[in-house]
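Notes for the one structure printed next.
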Amino acid sequence: MKIAVLTSGGDSPGMNAAVRAVVRECIYNGIDPYGVKFGYQGLIDNNLYKMNVYSVADIIQRGGTMIKTSRCQEMYEEAGVKKAAETLLANKIENLVVIGGDGSYKGALSLSKYGINVMAIPGTIDNDVACTDYTIGFDTAVNTAVEAISKIRDTSLSHNRVSVVEVMGRNCGNLAISAGLAGGAEAIVVPEREYSVEAICEKMLKGKDRGKLHSIIVYAEGAGDINEFAKRVEELTSLTVNVTDLGYIQRGGSPTAFDRILAARMGSMAVNLLIKGEKNKAICLRGGEYVAMDLEEALSMEGVFDEENYNVAMRLSI
């Protein structure tokens with residue numbers, strides 16, 4: 001039996017820990033593990049190599065992904081999917097573990113229709129894979145964002161400024177909500193909810209009247225033009241407004257203990273399910289339990305907005 005593993009799409013802290021878990025669980029069970037370089041592009045290019053216990057030594061604490069990743073446009077076409085499947089079958093590999101987000105899951109499902117037994121593990125800082133409560137890398141990214149927000153608050157306080165901090169998340173506001181709540185933001189702007197710039201400014205002006213001369217606004221990247229937003233805040237409040245885009249620092253860094261454990265459990269579970277003959281599953285953490293659900297069903301689920309955290313953050317930011 002052979003099992004290949006790849007990481008696809010945007011990298012996230014904890015992907016290495018997941019790769020390590022897959023490889024070592026394979027070796028423990030007498031299975032040959034194979035790494036695929038550069039995600040789905042590596043399948044199309046036949047960029048595979050046999051891994052051993054030393055291949056994944058000293059990577060559990062490292063961010064990024066040591067087997068590399070990419071965004072492969074060819075996987076959106078049937079010819080590309082077929083070529084990727086043929087690469088695996090030519091190497092006598094029928095089992096594949098995919099670590100990534102929704103786009104990676106779609107690629108895995110496409111491969112399953114060519115006889116490849118796939119297991120999908122959620123690896124993205126956006127926490128936008130609907131079937132699981134947490135994705136690998138989300139917790140680390142939140143902690144990175146909170147640390148940055150705390151440092152920005154220090155300088156905002158010193159200069160009596162408003163700081164608008166942009167965080168990643170594509171069209172999902174979960175990262176902004178968690179970072180904003182943990183960072184004590186005065187406002188959180190997310191794509192899932194309409195907002196009023198006037199109401200946000202009114203809140204800040206009320207704070208100014210009682211002596212609060214600085215504010216932090218956490219702004220999700222999918223919520224629109226942050227510079228236009230900041231300009232409008234400055235016009236309405238007459239306060240100095242600075243914009244900070246945290247950018248790719250949110251994807252890097254050593255994964256938290258939570259992300260390492262999540263990755264280890266999911267990687268191990270994926271291999272053991274393949275050993276048992278299971279196929280085409282999404283590995284999820286739901287309500288504190290690790291479960292496997294049908295991959296097609298997982299992809300059909302709609303994302304759940306973190307309503308409670310959002311509401312708590314809004315109530316506490318008076």
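The way I read the labels, and the way they are meant: chains A, B, ... in the order of the structure tokens, residue 1 as the first residue of every chain, and ligand 1 as the first ligand shown, with later ones counted on from there.
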Hey, which bits of region 90-154 of chain A sit within 10 Å of region 161-169 of chain A, and for each residue what's the closest pair of atoms and how far apart in Å (one decimal), counting only C-alpha atoms, rows by chain and increasing number, as a Markdown table?
| residue | atom | partner | partner_atom | distance |
| --- | --- | --- | --- | --- |
| A:Thr124 | CA | A:Gly169 | CA | 9.2 |
| A:Ile125 | CA | A:Gly169 | CA | 7.2 |
| A:Asp126 | CA | A:Gly169 | CA | 4.5 |
| A:Asn127 | CA | A:Gly169 | CA | 7.8 |
| A:Asp128 | CA | A:Gly169 | CA | 7.9 |
| A:Phe138 | CA | A:Gly169 | CA | 9.7 |
| A:Ala141 | CA | A:Met168 | CA | 9.1 |
| A:Val142 | CA | A:Val167 | CA | 9.3 |
| A:Ala145 | CA | A:Val167 | CA | 7.3 |
| A:Ala148 | CA | A:Val165 | CA | 9.1 |
| A:Ile149 | CA | A:Val165 | CA | 7.4 |
| A:Ile152 | CA | A:Ser163 | CA | 7.4 |
| A:Arg153 | CA | A:Ser163 | CA | 7.7 |
Inset, instruction - Skip region 2-17 of chain A itself and residues of its chain fewer than 2 positions away, then list as a ChimeraX atom specification all residues within 8 Å of it, counting only C-alpha atoms. - result: /A:19-22,26,31-40,59-71,92-101,103-104,123-125,136-138,140-141,251-255,259-260,263-264,271
Take the residues from that selection and put them in a file with C-alpha atoms, as a JSON list (two decimals), in the first residue's frame.
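Once everything was written out, this is result.json:
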[["chain", "number", "residue", "atom", "x", "y", "z"],
["A", 19, "VAL", "CA", 2.50, 16.16, 6.68],
["A", 20, "ARG", "CA", 4.66, 14.77, 9.47],
["A", 21, "ALA", "CA", 1.67, 12.96, 10.99],
["A", 22, "VAL", "CA", 0.69, 11.42, 7.66],
["A", 26, "CYS", "CA", 2.25, 5.46, 7.29],
["A", 31, "ILE", "CA", 2.99, 1.79, 4.35],
["A", 32, "ASP", "CA", 5.16, 3.65, 1.83],
["A", 33, "PRO", "CA", 4.54, 7.43, 2.05],
["A", 34, "TYR", "CA", 5.10, 9.71, -0.93],
["A", 35, "GLY", "CA", 5.36, 13.47, -0.95],
["A", 36, "VAL", "CA", 4.02, 15.54, -3.83],
["A", 37, "LYS", "CA", 5.99, 18.72, -4.43],
["A", 38, "PHE", "CA", 4.07, 21.93, -5.18],
["A", 39, "GLY", "CA", 0.56, 20.61, -4.64],
["A", 40, "TYR", "CA", -1.61, 19.56, -7.56],
["A", 59, "ILE", "CA", 9.41, 20.21, 10.95],
["A", 60, "ILE", "CA", 6.58, 20.07, 13.50],
["A", 61, "GLN", "CA", 7.49, 23.54, 14.77],
["A", 62, "ARG", "CA", 8.00, 25.14, 11.36],
["A", 63, "GLY", "CA", 5.51, 27.32, 9.50],
["A", 64, "GLY", "CA", 4.79, 26.99, 5.82],
["A", 65, "THR", "CA", 5.01, 23.62, 4.08],
["A", 66, "MET", "CA", 8.23, 21.75, 3.38],
["A", 67, "ILE", "CA", 6.69, 19.90, 0.43],
["A", 68, "LYS", "CA", 5.72, 23.28, -1.07],
["A", 69, "THR", "CA", 2.40, 24.44, -2.42],
["A", 70, "SER", "CA", 0.93, 26.25, -5.41],
["A", 71, "ARG", "CA", -2.34, 27.26, -7.01],
["A", 92, "LYS", "CA", 0.88, 2.64, -8.36],
["A", 93, "ILE", "CA", -0.55, 5.04, -5.80],
["A", 94, "GLU", "CA", -4.30, 4.91, -5.24],
["A", 95, "ASN", "CA", -4.47, 6.83, -1.93],
["A", 96, "LEU", "CA", -4.00, 10.56, -1.50],
["A", 97, "VAL", "CA", -4.16, 12.91, 1.49],
["A", 98, "VAL", "CA", -4.85, 16.52, 0.52],
["A", 99, "ILE", "CA", -4.19, 19.37, 2.98],
["A", 100, "GLY", "CA", -5.76, 22.70, 2.04],
["A", 101, "GLY", "CA", -8.96, 24.71, 1.79],
["A", 103, "GLY", "CA", -10.43, 24.75, -3.57],
["A", 104, "SER", "CA", -8.13, 21.88, -2.60],
["A", 123, "GLY", "CA", -5.41, 23.64, 6.20],
["A", 124, "THR", "CA", -6.06, 27.39, 5.88],
["A", 125, "ILE", "CA", -5.77, 30.42, 8.15],
["A", 136, "ILE", "CA", -5.18, 24.06, 10.73],
["A", 137, "GLY", "CA", -3.42, 27.43, 10.94],
["A", 138, "PHE", "CA", -6.36, 29.53, 12.09],
["A", 140, "THR", "CA", -1.81, 30.58, 14.91],
["A", 141, "ALA", "CA", -2.97, 33.34, 12.56],
["A", 251, "ARG", "CA", 0.52, 32.91, 7.33],
["A", 252, "GLY", "CA", 3.98, 32.45, 8.77],
["A", 253, "GLY", "CA", 5.49, 31.56, 12.09],
["A", 254, "SER", "CA", 5.65, 28.53, 14.33],
["A", 255, "PRO", "CA", 2.21, 26.91, 14.80],
["A", 259, "ASP", "CA", -2.68, 23.77, 15.57],
["A", 260, "ARG", "CA", 0.04, 21.14, 16.03],
["A", 263, "ALA", "CA", -2.71, 18.59, 12.54],
["A", 264, "ALA", "CA", -1.37, 15.49, 14.27],
["A", 271, "VAL", "CA", -4.09, 7.43, 7.20]]
Can you build me a table of region 188-236 of chain A residues sitting at most 12 Å from region 282-306 of chain A, with the closest atom pair per residue and its distance in Å to one decimal, using only C-alpha atoms, sorted by chain and residue number, as JSON lines?
{"residue": "A:Val190", "atom": "CA", "partner": "A:Phe305", "partner_atom": "CA", "distance": 10.2}
{"residue": "A:Pro191", "atom": "CA", "partner": "A:Phe305", "partner_atom": "CA", "distance": 10.4}
{"residue": "A:Glu192", "atom": "CA", "partner": "A:Phe305", "partner_atom": "CA", "distance": 7.5}
{"residue": "A:Arg193", "atom": "CA", "partner": "A:Phe305", "partner_atom": "CA", "distance": 9.5}
Would you save the residues from that selection as an mmCIF file, in the first residue's frame, using all heavy atoms?
data_model
loop_
_atom_site.group_PDB
_atom_site.id
_atom_site.type_symbol
_atom_site.label_atom_id
_atom_site.label_comp_id
_atom_site.auth_asym_id
_atom_site.auth_seq_id
_atom_site.Cartn_x
_atom_site.Cartn_y
_atom_site.Cartn_z
ATOM 1 N N VAL A 190 -16.586 43.194 8.774
ATOM 2 C CA VAL A 190 -16.493 41.902 8.089
ATOM 3 C C VAL A 190 -17.422 41.891 6.878
ATOM 4 O O VAL A 190 -18.419 42.625 6.844
ATOM 5 C CB VAL A 190 -16.854 40.736 9.042
ATOM 6 C CG1 VAL A 190 -15.832 40.621 10.168
ATOM 7 C CG2 VAL A 190 -18.257 40.916 9.613
ATOM 8 N N PRO A 191 -17.135 41.055 5.882
ATOM 9 C CA PRO A 191 -17.966 41.035 4.677
ATOM 10 C C PRO A 191 -19.353 40.445 4.886
ATOM 11 O O PRO A 191 -20.265 40.720 4.111
ATOM 12 C CB PRO A 191 -17.155 40.179 3.701
ATOM 13 C CG PRO A 191 -16.230 39.369 4.547
ATOM 14 C CD PRO A 191 -15.940 40.211 5.743
ATOM 15 N N GLU A 192 -19.545 39.671 5.947
ATOM 16 C CA GLU A 192 -20.833 39.007 6.167
ATOM 17 C C GLU A 192 -21.901 39.930 6.749
ATOM 18 O O GLU A 192 -23.085 39.571 6.758
ATOM 19 C CB GLU A 192 -20.672 37.809 7.118
ATOM 20 C CG GLU A 192 -19.825 36.671 6.572
ATOM 21 C CD GLU A 192 -18.384 36.773 6.997
ATOM 22 O OE1 GLU A 192 -17.919 37.895 7.306
ATOM 23 O OE2 GLU A 192 -17.697 35.739 7.025
ATOM 24 N N ARG A 193 -21.514 41.063 7.263
ATOM 25 C CA ARG A 193 -22.466 41.948 7.921
ATOM 26 C C ARG A 193 -22.353 43.373 7.383
ATOM 27 O O ARG A 193 -21.245 43.891 7.201
ATOM 28 C CB ARG A 193 -22.229 41.965 9.442
ATOM 29 C CG ARG A 193 -22.600 40.665 10.147
ATOM 30 C CD ARG A 193 -24.091 40.435 10.134
ATOM 31 N NE ARG A 193 -24.467 39.195 10.798
ATOM 32 C CZ ARG A 193 -24.548 38.011 10.183
ATOM 33 N NH1 ARG A 193 -24.263 37.921 8.905
ATOM 34 N NH2 ARG A 193 -24.918 36.930 10.854
#
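Shortest separation to Tyr28 (chain A) among A:Ser55, A:Asn272, A:Asn280, A:Asn242 occurs at residue A:Asn272, atoms counted being only C-alpha atoms.
By only C-alpha atoms, and with residues fewer than 3 positions from His214 (chain A) along its chain excluded, the set lying at most 10 Å from it is A:Arg153, A:Asp154, A:Thr155, A:Ser156, A:Leu157, A:Ser158, A:His159, A:Asn160, A:Arg161, A:Val162, A:Ser163, A:Glu186, A:Met204, A:Gly207, A:Lys208, A:Gly211, A:Leu239, A:Thr240, A:Val241.
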Legend entry - Exercise: Tyr76 (chain A) partners within 10 Å, only C-alpha atoms, chain neighbours under 3 positions left out, as a count of residues only: 9
Legend entry - All residues 12 Å or closer to Ala90 (chain A), only C-alpha atoms, same chain fewer than 4 positions away omitted, as a ChimeraX atom specification: /A:43-44,46,48,82-86,94,116
Inset, instruction - Assign secondary structure with DSSP using the backbone only, and return the residues of region 198-307 of chain A in helix (DSSP H, G or I) as an MDAnalysis selection string. - result: chainID A and resid 198:209 221:223 226:237 247:250 257:275 295:300 307
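Closest to Gln41 (chain A) among A:Met75, A:Ala220, A:Ala176, A:Val189 is A:Met75, based on only C-alpha atoms.
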